[in-house]
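Presented below is the structure to which this report refers.
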Amino acid sequence: MDKQRFQLMLILAFAMATTDFVKVESLANGLGSTPPMGWNSWNHFSCQINETLIKETADAMVSTGLAKLGYQYVNIDDCWAEHDRDSQGYLVANGRTFPSGIKALADYVHSKGLKLGIYSDAGYRTCSSEMPGSLGYEKKDAETFAAWGIDYLKYDNCNNGDLKPMERYPQMTQAIMSTDRLIFISLCEWGDMHPATWGSKLGNSWRTTDDINDSWESMVSRADQNEVYAEYARPGGWNDPDMLEVGNGGMTNDEYIVHFSIWAISKAPLLIGCDVRNMTQETMAILGNKEVIAVNQDPLGVQAKKVRMMGSAEVWAGPLSGYRTVVVLLNRSVFAAQITAHWDDIGIPPNTYVQARNLWKHITLEREFVGKLRAQVSGHSCKMYILTPVSQSE
Ligand code: GLA
């Protein structure tokens with residue numbers, strides 16, 4: 001061994017002996033480097049699902065242009081299986097609603113360039129109770145899903161016999177990871193036992209909240225509950241404040257813009273929950289806003305936080321790649337208000353001039369801003385900007 005190599009070895013040995021290695025926990029499947037994007041049947045269709053709906057949805061994802069924008073997962077939620085397992089203990093697709101079987105459906109969805117997701121439960125029965133859960137059958141079910149060509153598993157938490165999540169979720173993750181297929185693992189534990197603190201070992205995303213419904217109150221409260229865990233989100237593992245309600249009719253257009261903006265900056269999974277076969281132009285303009293999607297998919301992968309609250313006026317902000325900052329000025333009251341983002345709240349040096357891009361108007365504001373950005377925001381509505389530094393004053 002030459003002298004140089006020997007010295008290098010000594011340095012390495014010393015470094016290993018003295019460094020406290022910080023272990024970055026994330027699931028070793030390489031999936032979810034940015035938050036997943038797609039569609040899920042539950043918010044709009046609940047248990048009224050069948051293979052025609054799933055196929056037509058896949059068709060619509062392509063024909064509307066959503067697929068090209070990055071929405072790639074078509075996810076079947078609860079109620080796809082027969083009430084009971086077969087005599088060998090396997091899950092069976094419901095013969096009435098999914099007569100061609102899930103493998104054929106996966107082939108169809110894959111032929112469109114999309115991916116198929118499925119749903120099961122870390123308990124004895126799923127939340128609808130219409131079908132069996134996977135507890136005790138993890139290996140069989142993981143092998144079945146892999147053989148069918150499944151790309152995404154949402155794993156729910158009902159009817160669990162009061163066993164702790166740590167006694168139920170690892171089995172499925174291990175079983176999935178022992179198959180030869182890459183499957184995105186979405187933990188649906190509703191935030192009960194703070195899955196943000198253990199989810200990254202077991203899944204690529206974890207629900208931080210109870211179920212959303214199609215109302216302003218439900219939406220903003222999910223956003224708040226999810227925000228608390230911002231530090232835990234990172235490429236490979238994301239906080240999940242539940243699926244989108246945009247386009248389902250229970251909120252105003254401005255409220256849906258708030259919903260989509262906050263989900264985007266929170267690096268939440270963007271799982272569409274409306275009927276994409278029959279979307280209005282307004283709905284498509286929200287879900288299809290490329291600039292907002294790009295914020296969600298930014299490679300830095302840092303979840304934005306609420307940095308200032310002034311009554312019902314809030315400033316949410318977070319860093320993006322390229323020294324840029326994304327800011328949402330959110331007005332939670334029903335009355336219009338002036339909201340100000342101060343540089344020292346959002347992490348920009350005080351003397352920095354920035355260019356501001358309004359992501360919903362698709363315009364770059366003519367003047368540059370230094371120190372703060374103030375805007376008028378209508379009730380139950382928001383403004384969303386990307387700030388890019390352009391120069392510094394002395
Ligand atoms: C739970 C989940 C929902 C949905 C239903 C299906 O409530 O949190 O997202 O999957 O079950 O029954």
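Ordering of the structure tokens sets the chain letters (A, B, ...), residue numbers begin anew at 1 in every chain, and ligands are numbered from 1 in the order given.
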### Query
Arg357 of chain A: which residues within 8 Å, counting only C-alpha atoms, same-chain residues fewer than 6 positions away excluded, as a list in words?
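These residues fall inside the cut-off: Ile363, Thr364, Leu365, Tyr385, Ile386 and Leu387 of chain A.
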Near-segment 132-137 of chain A list (6 Å; only C-alpha atoms; drop same-chain fewer than 2 positions) as an MDAnalysis selection string = chainID A and resid 120:126 139:140
Segment 198-212 of chain A: which residues within 7 Å, counting only C-alpha atoms, same-chain residues fewer than 3 positions away excluded, as a VMD selection string? chain A and resid 25 to 27 31 to 32 170 173 184 to 191 195 218 to 219 222 225 to 226 236 to 242
Generate the output file for the selected residues, N, CA, C and O atoms, as an mmCIF file, in the first residue's frame.
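Final output, out.cif:
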```
data_model
loop_
_atom_site.group_PDB
_atom_site.id
_atom_site.type_symbol
_atom_site.label_atom_id
_atom_site.label_comp_id
_atom_site.auth_asym_id
_atom_site.auth_seq_id
_atom_site.Cartn_x
_atom_site.Cartn_y
_atom_site.Cartn_z
ATOM 1 N N GLU A 25 -33.701 8.267 7.379
ATOM 2 C CA GLU A 25 -34.601 7.137 7.174
ATOM 3 C C GLU A 25 -35.485 7.422 5.983
ATOM 4 O O GLU A 25 -36.197 8.410 5.954
ATOM 5 N N SER A 26 -35.442 6.573 4.998
ATOM 6 C CA SER A 26 -36.495 6.612 3.992
ATOM 7 C C SER A 26 -36.580 5.240 3.364
ATOM 8 O O SER A 26 -35.621 4.469 3.392
ATOM 9 N N LEU A 27 -37.729 4.941 2.851
ATOM 10 C CA LEU A 27 -37.988 3.611 2.331
ATOM 11 C C LEU A 27 -37.095 3.361 1.129
ATOM 12 O O LEU A 27 -37.024 4.184 0.220
ATOM 13 N N LEU A 31 -38.969 5.324 -4.641
ATOM 14 C CA LEU A 31 -40.174 5.969 -5.182
ATOM 15 C C LEU A 31 -40.493 7.251 -4.412
ATOM 16 O O LEU A 31 -40.039 7.440 -3.288
ATOM 17 N N GLY A 32 -41.283 8.096 -5.037
ATOM 18 C CA GLY A 32 -41.742 9.302 -4.345
ATOM 19 C C GLY A 32 -40.658 10.341 -4.168
ATOM 20 O O GLY A 32 -40.651 11.057 -3.163
ATOM 21 N N PRO A 170 -45.639 -2.712 9.509
ATOM 22 C CA PRO A 170 -44.359 -3.208 8.976
ATOM 23 C C PRO A 170 -44.498 -4.505 8.170
ATOM 24 O O PRO A 170 -43.798 -4.702 7.190
ATOM 25 N N THR A 173 -45.310 -3.670 4.564
ATOM 26 C CA THR A 173 -44.166 -3.032 3.888
ATOM 27 C C THR A 173 -43.115 -4.084 3.547
ATOM 28 O O THR A 173 -42.613 -4.137 2.417
ATOM 29 N N PHE A 184 -45.447 1.940 -4.737
ATOM 30 C CA PHE A 184 -45.501 3.111 -3.849
ATOM 31 C C PHE A 184 -46.374 2.739 -2.656
ATOM 32 O O PHE A 184 -47.484 2.220 -2.819
ATOM 33 N N ILE A 185 -45.901 2.995 -1.450
ATOM 34 C CA ILE A 185 -46.678 2.616 -0.255
ATOM 35 C C ILE A 185 -47.224 3.866 0.433
ATOM 36 O O ILE A 185 -46.474 4.722 0.915
ATOM 37 N N SER A 186 -48.547 3.969 0.456
ATOM 38 C CA SER A 186 -49.232 5.118 1.050
ATOM 39 C C SER A 186 -49.911 4.667 2.337
ATOM 40 O O SER A 186 -50.865 3.880 2.308
ATOM 41 N N LEU A 187 -49.382 5.125 3.480
ATOM 42 C CA LEU A 187 -49.921 4.709 4.778
ATOM 43 C C LEU A 187 -51.112 5.591 5.119
ATOM 44 O O LEU A 187 -50.994 6.815 5.155
ATOM 45 N N CYS A 188 -52.245 4.954 5.383
ATOM 46 C CA CYS A 188 -53.462 5.721 5.669
ATOM 47 C C CYS A 188 -53.856 5.474 7.120
ATOM 48 O O CYS A 188 -54.801 4.753 7.401
ATOM 49 N N GLU A 189 -53.072 6.059 8.041
ATOM 50 C CA GLU A 189 -53.281 5.797 9.469
ATOM 51 C C GLU A 189 -53.958 6.988 10.142
ATOM 52 O O GLU A 189 -54.162 6.986 11.354
ATOM 53 N N TRP A 190 -54.325 7.996 9.303
ATOM 54 C CA TRP A 190 -55.112 9.168 9.725
ATOM 55 C C TRP A 190 -54.395 10.075 10.724
ATOM 56 O O TRP A 190 -55.043 10.902 11.385
ATOM 57 N N GLY A 191 -53.106 9.878 10.927
ATOM 58 C CA GLY A 191 -52.403 10.727 11.881
ATOM 59 C C GLY A 191 -52.620 10.322 13.325
ATOM 60 O O GLY A 191 -52.156 11.002 14.246
ATOM 61 N N PRO A 195 -47.901 9.354 12.596
ATOM 62 C CA PRO A 195 -47.101 8.577 11.630
ATOM 63 C C PRO A 195 -45.974 9.368 10.990
ATOM 64 O O PRO A 195 -45.046 8.770 10.451
ATOM 65 N N SER A 218 -63.414 21.867 6.596
ATOM 66 C CA SER A 218 -62.690 20.598 6.609
ATOM 67 C C SER A 218 -61.331 20.773 5.935
ATOM 68 O O SER A 218 -60.295 20.335 6.455
ATOM 69 N N MET A 219 -61.330 21.448 4.797
ATOM 70 C CA MET A 219 -60.092 21.601 4.022
ATOM 71 C C MET A 219 -59.023 22.374 4.820
ATOM 72 O O MET A 219 -57.888 21.915 4.948
ATOM 73 N N ARG A 222 -57.587 20.418 7.744
ATOM 74 C CA ARG A 222 -56.602 19.396 7.327
ATOM 75 C C ARG A 222 -55.254 20.054 7.033
ATOM 76 O O ARG A 222 -54.194 19.539 7.376
ATOM 77 N N GLN A 225 -53.555 20.835 10.396
ATOM 78 C CA GLN A 225 -53.042 19.642 11.101
ATOM 79 C C GLN A 225 -51.795 19.091 10.422
ATOM 80 O O GLN A 225 -50.887 18.573 11.065
ATOM 81 N N ASN A 226 -51.770 19.216 9.106
ATOM 82 C CA ASN A 226 -50.655 18.676 8.327
ATOM 83 C C ASN A 226 -49.407 19.546 8.456
ATOM 84 O O ASN A 226 -48.284 19.058 8.437
ATOM 85 N N GLY A 236 -39.012 11.091 -1.040
ATOM 86 C CA GLY A 236 -39.145 9.685 -0.649
ATOM 87 C C GLY A 236 -40.201 9.458 0.408
ATOM 88 O O GLY A 236 -40.674 8.323 0.569
ATOM 89 N N GLY A 237 -40.618 10.517 1.152
ATOM 90 C CA GLY A 237 -41.607 10.351 2.212
ATOM 91 C C GLY A 237 -42.330 11.665 2.492
ATOM 92 O O GLY A 237 -41.701 12.640 2.891
ATOM 93 N N TRP A 238 -43.650 11.668 2.317
ATOM 94 C CA TRP A 238 -44.414 12.918 2.344
ATOM 95 C C TRP A 238 -45.575 12.872 3.331
ATOM 96 O O TRP A 238 -46.232 11.835 3.473
ATOM 97 N N ASN A 239 -45.842 14.017 3.966
ATOM 98 C CA ASN A 239 -47.065 14.164 4.762
ATOM 99 C C ASN A 239 -48.256 14.217 3.815
ATOM 100 O O ASN A 239 -48.191 14.848 2.759
ATOM 101 N N ASP A 240 -49.360 13.582 4.230
ATOM 102 C CA ASP A 240 -50.533 13.490 3.351
ATOM 103 C C ASP A 240 -51.778 14.006 4.076
ATOM 104 O O ASP A 240 -52.325 13.313 4.929
ATOM 105 N N PRO A 241 -52.223 15.238 3.752
ATOM 106 C CA PRO A 241 -53.418 15.796 4.418
ATOM 107 C C PRO A 241 -54.733 15.315 3.785
ATOM 108 O O PRO A 241 -55.774 15.909 4.020
ATOM 109 N N ASP A 242 -54.688 14.251 3.028
ATOM 110 C CA ASP A 242 -55.812 13.591 2.349
ATOM 111 C C ASP A 242 -56.012 14.143 0.926
ATOM 112 O O ASP A 242 -55.400 15.129 0.533
#
```
Practice item. For Val228 of chain A, work out the shell of residues within 10 Å, counting only C-alpha atoms and skipping chain neighbours fewer than 4 positions away, then give it as a list in words. Key: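 Counting only C-alpha atoms, the residues come to Ala196, Thr208, Ala223, Asp224, Tyr232, Asn239, Lys305 and Lys306 of chain A.
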Residue with the minimum atom-to-atom distance to Gln88 of chain A, picked from A:Gly288, A:Asp141, A:Glu167, A:Thr283 with only C-alpha atoms counted, is A:Asp141
Check your understanding: Mind checking DSSP for segment 207-330 of chain A and telling me the strand (DSSP E or B) residues as a PyMOL selection string?
Key -> chain A and resi 207+234+237-240+270-272+305-310+313-320+324-330
Those residues with N, CA and C atoms, as a PDB file, in the first residue's frame please?
```pdb
ATOM      1  N   ARG A 207     -50.768   9.586   5.894  1.00  0.00           N
ATOM      2  CA  ARG A 207     -51.842  10.524   6.214  1.00  0.00           C
ATOM      3  C   ARG A 207     -51.564  11.145   7.580  1.00  0.00           C
ATOM      4  N   ARG A 234     -39.939  14.955   3.088  1.00  0.00           N
ATOM      5  CA  ARG A 234     -38.671  14.972   2.337  1.00  0.00           C
ATOM      6  C   ARG A 234     -38.839  14.067   1.117  1.00  0.00           C
ATOM      7  N   GLY A 237     -40.618  10.517   1.152  1.00  0.00           N
ATOM      8  CA  GLY A 237     -41.607  10.351   2.212  1.00  0.00           C
ATOM      9  C   GLY A 237     -42.330  11.665   2.492  1.00  0.00           C
ATOM     10  N   TRP A 238     -43.650  11.668   2.317  1.00  0.00           N
ATOM     11  CA  TRP A 238     -44.414  12.918   2.344  1.00  0.00           C
ATOM     12  C   TRP A 238     -45.575  12.872   3.331  1.00  0.00           C
ATOM     13  N   ASN A 239     -45.842  14.017   3.966  1.00  0.00           N
ATOM     14  CA  ASN A 239     -47.065  14.164   4.762  1.00  0.00           C
ATOM     15  C   ASN A 239     -48.256  14.217   3.815  1.00  0.00           C
ATOM     16  N   ASP A 240     -49.360  13.582   4.230  1.00  0.00           N
ATOM     17  CA  ASP A 240     -50.533  13.490   3.351  1.00  0.00           C
ATOM     18  C   ASP A 240     -51.778  14.006   4.076  1.00  0.00           C
ATOM     19  N   LEU A 270     -50.811  14.942  -4.777  1.00  0.00           N
ATOM     20  CA  LEU A 270     -51.888  15.612  -5.522  1.00  0.00           C
ATOM     21  C   LEU A 270     -52.745  14.527  -6.155  1.00  0.00           C
ATOM     22  N   LEU A 271     -53.696  14.027  -5.373  1.00  0.00           N
ATOM     23  CA  LEU A 271     -54.576  12.967  -5.852  1.00  0.00           C
ATOM     24  C   LEU A 271     -55.956  13.559  -6.089  1.00  0.00           C
ATOM     25  N   ILE A 272     -56.292  13.694  -7.361  1.00  0.00           N
ATOM     26  CA  ILE A 272     -57.557  14.296  -7.753  1.00  0.00           C
ATOM     27  C   ILE A 272     -58.701  13.427  -7.236  1.00  0.00           C
ATOM     28  N   LYS A 305     -44.252  26.278   5.365  1.00  0.00           N
ATOM     29  CA  LYS A 305     -44.840  26.419   6.704  1.00  0.00           C
ATOM     30  C   LYS A 305     -45.614  27.725   6.823  1.00  0.00           C
ATOM     31  N   LYS A 306     -46.461  27.739   7.842  1.00  0.00           N
ATOM     32  CA  LYS A 306     -47.161  28.959   8.172  1.00  0.00           C
ATOM     33  C   LYS A 306     -46.153  29.814   8.915  1.00  0.00           C
ATOM     34  N   VAL A 307     -45.753  30.959   8.364  1.00  0.00           N
ATOM     35  CA  VAL A 307     -44.686  31.718   9.021  1.00  0.00           C
ATOM     36  C   VAL A 307     -45.207  32.918   9.787  1.00  0.00           C
ATOM     37  N   ARG A 308     -46.446  33.345   9.490  1.00  0.00           N
ATOM     38  CA  ARG A 308     -47.019  34.443  10.266  1.00  0.00           C
ATOM     39  C   ARG A 308     -48.546  34.364  10.233  1.00  0.00           C
ATOM     40  N   MET A 309     -49.145  34.616  11.403  1.00  0.00           N
ATOM     41  CA  MET A 309     -50.605  34.654  11.495  1.00  0.00           C
ATOM     42  C   MET A 309     -51.006  35.992  12.086  1.00  0.00           C
ATOM     43  N   MET A 310     -51.893  36.716  11.376  1.00  0.00           N
ATOM     44  CA  MET A 310     -52.418  37.977  11.916  1.00  0.00           C
ATOM     45  C   MET A 310     -53.935  37.829  11.903  1.00  0.00           C
ATOM     46  N   ALA A 313     -55.541  36.383   8.709  1.00  0.00           N
ATOM     47  CA  ALA A 313     -54.611  36.552   7.586  1.00  0.00           C
ATOM     48  C   ALA A 313     -53.342  35.748   7.875  1.00  0.00           C
ATOM     49  N   GLU A 314     -52.945  34.943   6.933  1.00  0.00           N
ATOM     50  CA  GLU A 314     -51.778  34.084   7.165  1.00  0.00           C
ATOM     51  C   GLU A 314     -50.797  34.176   6.010  1.00  0.00           C
ATOM     52  N   VAL A 315     -49.520  34.011   6.343  1.00  0.00           N
ATOM     53  CA  VAL A 315     -48.484  33.902   5.324  1.00  0.00           C
ATOM     54  C   VAL A 315     -47.877  32.512   5.444  1.00  0.00           C
ATOM     55  N   TRP A 316     -47.919  31.767   4.349  1.00  0.00           N
ATOM     56  CA  TRP A 316     -47.279  30.450   4.282  1.00  0.00           C
ATOM     57  C   TRP A 316     -46.103  30.587   3.309  1.00  0.00           C
ATOM     58  N   ALA A 317     -44.975  29.995   3.633  1.00  0.00           N
ATOM     59  CA  ALA A 317     -43.832  30.125   2.729  1.00  0.00           C
ATOM     60  C   ALA A 317     -42.866  28.964   2.889  1.00  0.00           C
ATOM     61  N   GLY A 318     -42.101  28.745   1.842  1.00  0.00           N
ATOM     62  CA  GLY A 318     -41.082  27.696   1.891  1.00  0.00           C
ATOM     63  C   GLY A 318     -40.083  27.878   0.764  1.00  0.00           C
ATOM     64  N   PRO A 319     -38.907  27.264   0.936  1.00  0.00           N
ATOM     65  CA  PRO A 319     -37.876  27.405  -0.093  1.00  0.00           C
ATOM     66  C   PRO A 319     -38.116  26.481  -1.285  1.00  0.00           C
ATOM     67  N   LEU A 320     -37.698  26.954  -2.454  1.00  0.00           N
ATOM     68  CA  LEU A 320     -37.704  26.144  -3.671  1.00  0.00           C
ATOM     69  C   LEU A 320     -36.264  26.068  -4.174  1.00  0.00           C
ATOM     70  N   ARG A 324     -35.123  30.235  -4.800  1.00  0.00           N
ATOM     71  CA  ARG A 324     -36.428  30.884  -4.911  1.00  0.00           C
ATOM     72  C   ARG A 324     -37.256  30.576  -3.656  1.00  0.00           C
ATOM     73  N   THR A 325     -38.297  31.373  -3.447  1.00  0.00           N
ATOM     74  CA  THR A 325     -39.180  31.173  -2.294  1.00  0.00           C
ATOM     75  C   THR A 325     -40.620  31.193  -2.793  1.00  0.00           C
ATOM     76  N   VAL A 326     -41.425  30.250  -2.309  1.00  0.00           N
ATOM     77  CA  VAL A 326     -42.844  30.297  -2.659  1.00  0.00           C
ATOM     78  C   VAL A 326     -43.621  30.853  -1.475  1.00  0.00           C
ATOM     79  N   VAL A 327     -44.559  31.738  -1.768  1.00  0.00           N
ATOM     80  CA  VAL A 327     -45.337  32.395  -0.715  1.00  0.00           C
ATOM     81  C   VAL A 327     -46.819  32.305  -1.050  1.00  0.00           C
ATOM     82  N   VAL A 328     -47.614  31.947  -0.061  1.00  0.00           N
ATOM     83  CA  VAL A 328     -49.068  32.031  -0.215  1.00  0.00           C
ATOM     84  C   VAL A 328     -49.596  33.014   0.830  1.00  0.00           C
ATOM     85  N   LEU A 329     -50.312  34.036   0.372  1.00  0.00           N
ATOM     86  CA  LEU A 329     -50.995  34.957   1.277  1.00  0.00           C
ATOM     87  C   LEU A 329     -52.426  34.441   1.376  1.00  0.00           C
ATOM     88  N   LEU A 330     -52.798  33.972   2.565  1.00  0.00           N
ATOM     89  CA  LEU A 330     -54.091  33.288   2.721  1.00  0.00           C
ATOM     90  C   LEU A 330     -55.022  34.101   3.605  1.00  0.00           C
TER      91      LEU A 330
END
```
From the list A:Met37, A:Met172, A:Val334, A:Met284, the nearest residue to Ala264 of chain A using only C-alpha atoms is A:Met37
task: Find the spatial neighbours of Glu231 of chain A, counting only C-alpha atoms, within a cut-off of 9 Å - ignore same-chain residues fewer than 4 positions away - and output them as a PyMOL selection string.
output: chain A and resi 227+302-303
Only N, CA, C and O atoms, please: the residues just picked out, written as a PDB file, in the first residue's frame.
```
ATOM      1  N   GLU A 227     -49.645  20.845   8.619  1.00  0.00           N
ATOM      2  CA  GLU A 227     -48.538  21.816   8.642  1.00  0.00           C
ATOM      3  C   GLU A 227     -47.588  21.571   9.813  1.00  0.00           C
ATOM      4  O   GLU A 227     -46.374  21.750   9.710  1.00  0.00           O
ATOM      5  N   VAL A 302     -39.015  20.562   0.009  1.00  0.00           N
ATOM      6  CA  VAL A 302     -39.201  21.079   1.374  1.00  0.00           C
ATOM      7  C   VAL A 302     -40.636  21.581   1.530  1.00  0.00           C
ATOM      8  O   VAL A 302     -41.121  22.369   0.714  1.00  0.00           O
ATOM      9  N   GLN A 303     -41.312  21.111   2.574  1.00  0.00           N
ATOM     10  CA  GLN A 303     -42.705  21.515   2.818  1.00  0.00           C
ATOM     11  C   GLN A 303     -42.750  22.933   3.376  1.00  0.00           C
ATOM     12  O   GLN A 303     -42.025  23.269   4.317  1.00  0.00           O
TER      13      GLN A 303
END
```
